[in-house]
Amino acid sequence: MGNKIFDKENLELLCCPVCKTSIKVNENKDFFKCLNESCNVSFPVYNNIPCILNEQNSIFSNEDFARENDTFFKLSENKILKTVKSAFPVLSLNVSTKVNYNSFAKNLLKDNIAGEKKKVLVLGGSVIGKGMSEILAKYPDSIEFVETDVSFGPRTMLICDGHNLPFKDASFDGIIVQAVLEHVLDPYACVSEIHRVIKMDGIVYAETPFMQQVHGRQFDFTRFTHLGHRRLFRHFEELESGAVCGPGMALAWSYKYFLISFSNNKSIRKVLDGFARITAFYLKYFDYFLTKKKGALDAASGYYFMGKKTGRTLTDKELINSYAGAF
């Protein structure tokens with residue numbers, strides 16, 4: 001099955017992440033080249049997946065993907081250990097993503113013309129995000145998803161870095177960035193790129209943690225309060241926002257990391273992790289009740305934001321006045 005990135009209309013959206021000039025794929029589809037002679041950068045294709053990186057401005061390199069090194073996701077994770085871990089209850093619970101994605105699709109397709117297909121960019125899309133299965137299956141004739149990541153995965157169509165997206169201005173009708181912005185070095189630069197490549201009136205959907213411990217090894221950098229998350233997307237008009245993972249999940253995660261902090265031994269830490277899951281998994285279910293409370297805006301594990309590109313920027317005074325937490 002071919003990679004949709006190589007479809008003619010998608011090829012026309014691509015540009016050099018270094019200079020933003022158009023790029024062209026060769027006849028054998030094994031590399032792309034920038035058409036700007038003063039730039040003249042080439043971008044390789046590995047296993048039918050283009051790797052279009054600005055290497056000078058990325059912590060990843062073409063060599064990482066040529067050698068299939070672990071980038072964000074650990075490709076070499078032990079399968080037996082993975083199976084054992086899956087037998088234990090999880091501490092995470094995303095209480096509203098399915099509803100949010102239905103709302104995203106509704107806003108995206110609001111004025112859709114019959115037969116028209118909206119194009120949605122997914123950043124961090126090498127695997128299906130929490131709650132995304134339904135929207136991926138429900139709109140095959142009206143939404144086309146272009147799934148990108150800095151990791152190889154079952155759904156990766158293109159390797160790219162969010163700090164320098166290899167797409168022309170106003171290329172997409174919608175963008176999804178779920179559980180990604182905490183893992184980039186400069187989330188403001190990434191959101192600026194999102195704003196650049198989304199069309200006017202395009203819809204963005206983001207989920208980003210607040211009360212969560214490190215969960216991406218060396219690739220975990222930033223957390224946002226509800227207002228901090230809103231300011232990150234200040235160049236978008238807000239359609240919806242709120243807690244997506246609540247205080248119960250935040251408490252369960254804190255308990256787990258409290259326990260595993262007692263030992264530096266990997267085996268003991270795995271035992272403590274299992275014990276924490278068995279004894280605290282139920283805390284997350286309180287979030288079905290708590291996430292709609294004002295206090296959740298101050299204590300949630302993570303937040304979501306859905307917005308529209310309208311050309312208007314939220315001022316910092318408006319931001320401060322929008323506080324709706326418990327205090």
# chains A, B, ... in the order shown; residues from 1 in each chain; ligands from 1
>>> select_by_dssp(residues="segment 125-239 of chain A", states="strand (DSSP E)", output="PyMOL selection string")
chain A and resi 143-149+158-159+172-178+198-209+237-239
>>> write_last_selection(atoms="C-alpha atoms", output="mmCIF file, in the first residue's frame")
data_model
loop_
_atom_site.group_PDB
_atom_site.id
_atom_site.type_symbol
_atom_site.label_atom_id
_atom_site.label_comp_id
_atom_site.auth_asym_id
_atom_site.auth_seq_id
_atom_site.Cartn_x
_atom_site.Cartn_y
_atom_site.Cartn_z
ATOM 1 C CA ILE A 143 -11.290 14.065 6.194
ATOM 2 C CA GLU A 144 -7.816 13.047 5.028
ATOM 3 C CA PHE A 145 -5.258 12.657 7.821
ATOM 4 C CA VAL A 146 -1.570 13.304 7.161
ATOM 5 C CA GLU A 147 0.201 11.595 10.078
ATOM 6 C CA THR A 148 3.735 12.714 10.944
ATOM 7 C CA ASP A 149 6.183 12.047 13.767
ATOM 8 C CA LEU A 158 6.397 11.474 7.105
ATOM 9 C CA ILE A 159 9.270 12.122 9.503
ATOM 10 C CA PHE A 172 -4.143 22.332 6.190
ATOM 11 C CA ASP A 173 -7.772 22.736 7.238
ATOM 12 C CA GLY A 174 -7.059 21.296 10.686
ATOM 13 C CA ILE A 175 -4.172 20.239 12.907
ATOM 14 C CA ILE A 176 -4.080 17.772 15.813
ATOM 15 C CA VAL A 177 -1.234 17.882 18.323
ATOM 16 C CA GLN A 178 -2.088 15.485 21.152
ATOM 17 C CA ILE A 198 -3.033 26.040 8.926
ATOM 18 C CA LYS A 199 -5.540 27.858 6.732
ATOM 19 C CA MET A 200 -7.556 30.859 7.865
ATOM 20 C CA ASP A 201 -10.571 29.536 9.830
ATOM 21 C CA GLY A 202 -8.710 26.233 10.237
ATOM 22 C CA ILE A 203 -9.252 24.268 13.461
ATOM 23 C CA VAL A 204 -6.465 23.245 15.853
ATOM 24 C CA TYR A 205 -6.850 20.676 18.636
ATOM 25 C CA ALA A 206 -4.185 20.194 21.317
ATOM 26 C CA GLU A 207 -3.785 18.225 24.545
ATOM 27 C CA THR A 208 -0.875 19.037 26.857
ATOM 28 C CA PRO A 209 -0.150 17.942 30.456
ATOM 29 C CA GLU A 237 -9.720 32.158 18.806
ATOM 30 C CA GLU A 238 -10.837 29.739 21.525
ATOM 31 C CA LEU A 239 -13.722 27.433 20.715
#
>>> select_by_dssp(residues="segment 269-308 of chain A", states="helix (DSSP H, G or I)", output="ChimeraX atom specification")
/A:269-290,296-299
>>> write_last_selection(atoms="C-alpha atoms", output="mmCIF file, in the first residue's frame")
data_model
loop_
_atom_site.group_PDB
_atom_site.id
_atom_site.type_symbol
_atom_site.label_atom_id
_atom_site.label_comp_id
_atom_site.auth_asym_id
_atom_site.auth_seq_id
_atom_site.Cartn_x
_atom_site.Cartn_y
_atom_site.Cartn_z
ATOM 1 C CA ARG A 269 11.185 0.096 40.457
ATOM 2 C CA LYS A 270 9.195 -2.166 38.115
ATOM 3 C CA VAL A 271 7.735 -3.986 41.147
ATOM 4 C CA LEU A 272 6.829 -0.674 42.777
ATOM 5 C CA ASP A 273 5.281 0.494 39.528
ATOM 6 C CA GLY A 274 3.089 -2.621 39.425
ATOM 7 C CA PHE A 275 2.113 -2.166 43.079
ATOM 8 C CA ALA A 276 1.152 1.465 42.432
ATOM 9 C CA ARG A 277 -1.035 0.475 39.510
ATOM 10 C CA ILE A 278 -2.882 -2.179 41.491
ATOM 11 C CA THR A 279 -3.437 0.027 44.542
ATOM 12 C CA ALA A 280 -4.211 3.399 42.901
ATOM 13 C CA PHE A 281 -5.825 2.765 39.508
ATOM 14 C CA TYR A 282 -9.302 3.521 40.883
ATOM 15 C CA LEU A 283 -8.398 7.169 41.596
ATOM 16 C CA LYS A 284 -8.668 8.053 37.917
ATOM 17 C CA TYR A 285 -12.384 7.224 37.874
ATOM 18 C CA PHE A 286 -13.118 10.210 40.133
ATOM 19 C CA ASP A 287 -12.238 12.346 37.117
ATOM 20 C CA TYR A 288 -15.553 11.584 35.439
ATOM 21 C CA PHE A 289 -17.029 13.719 38.216
ATOM 22 C CA LEU A 290 -14.166 16.142 38.894
ATOM 23 C CA ALA A 296 -9.983 20.885 37.973
ATOM 24 C CA LEU A 297 -8.744 23.948 36.102
ATOM 25 C CA ASP A 298 -6.169 24.376 38.878
ATOM 26 C CA ALA A 299 -5.330 20.719 39.530
#
>>> closest_residue(among="A:Phe210, A:Ser126, A:Leu108, A:Thr291", to="Met306 of chain A", atoms="only C-alpha atoms")
A:Leu108
>>> atom_distance(atom1="atom CA of Tyr101 of chain A", atom2="atom CA of Glu240 of chain A")
11.5 Å
>>> residues_around(residues="segment 13-23 of chain A", least_positions_apart="4", cutoff="8 Å", atoms="only C-alpha atoms", output="list of chain:residue names")
A:Glu9, A:Phe32, A:Lys33, A:Cys34, A:Leu35, A:Asn36, A:Cys39, A:Val41, A:Ile52, A:Leu53, A:Asn54, A:Asn164, A:Leu165, A:Pro166, A:Phe167, A:Lys168, A:Ser171
>>> decode(residues="segment 274-287 of chain A", atoms="C-alpha atoms", output="short mmCIF file (atom, residue, chain, number, x, y, z; two decimals), in the first residue's frame")
data_model
loop_
_atom_site.label_atom_id
_atom_site.label_comp_id
_atom_site.auth_asym_id
_atom_site.auth_seq_id
_atom_site.Cartn_x
_atom_site.Cartn_y
_atom_site.Cartn_z
CA GLY A 274 3.09 -2.62 39.42
CA PHE A 275 2.11 -2.17 43.08
CA ALA A 276 1.15 1.47 42.43
CA ARG A 277 -1.03 0.48 39.51
CA ILE A 278 -2.88 -2.18 41.49
CA THR A 279 -3.44 0.03 44.54
CA ALA A 280 -4.21 3.40 42.90
CA PHE A 281 -5.83 2.76 39.51
CA TYR A 282 -9.30 3.52 40.88
CA LEU A 283 -8.40 7.17 41.60
CA LYS A 284 -8.67 8.05 37.92
CA TYR A 285 -12.38 7.22 37.87
CA PHE A 286 -13.12 10.21 40.13
CA ASP A 287 -12.24 12.35 37.12
#
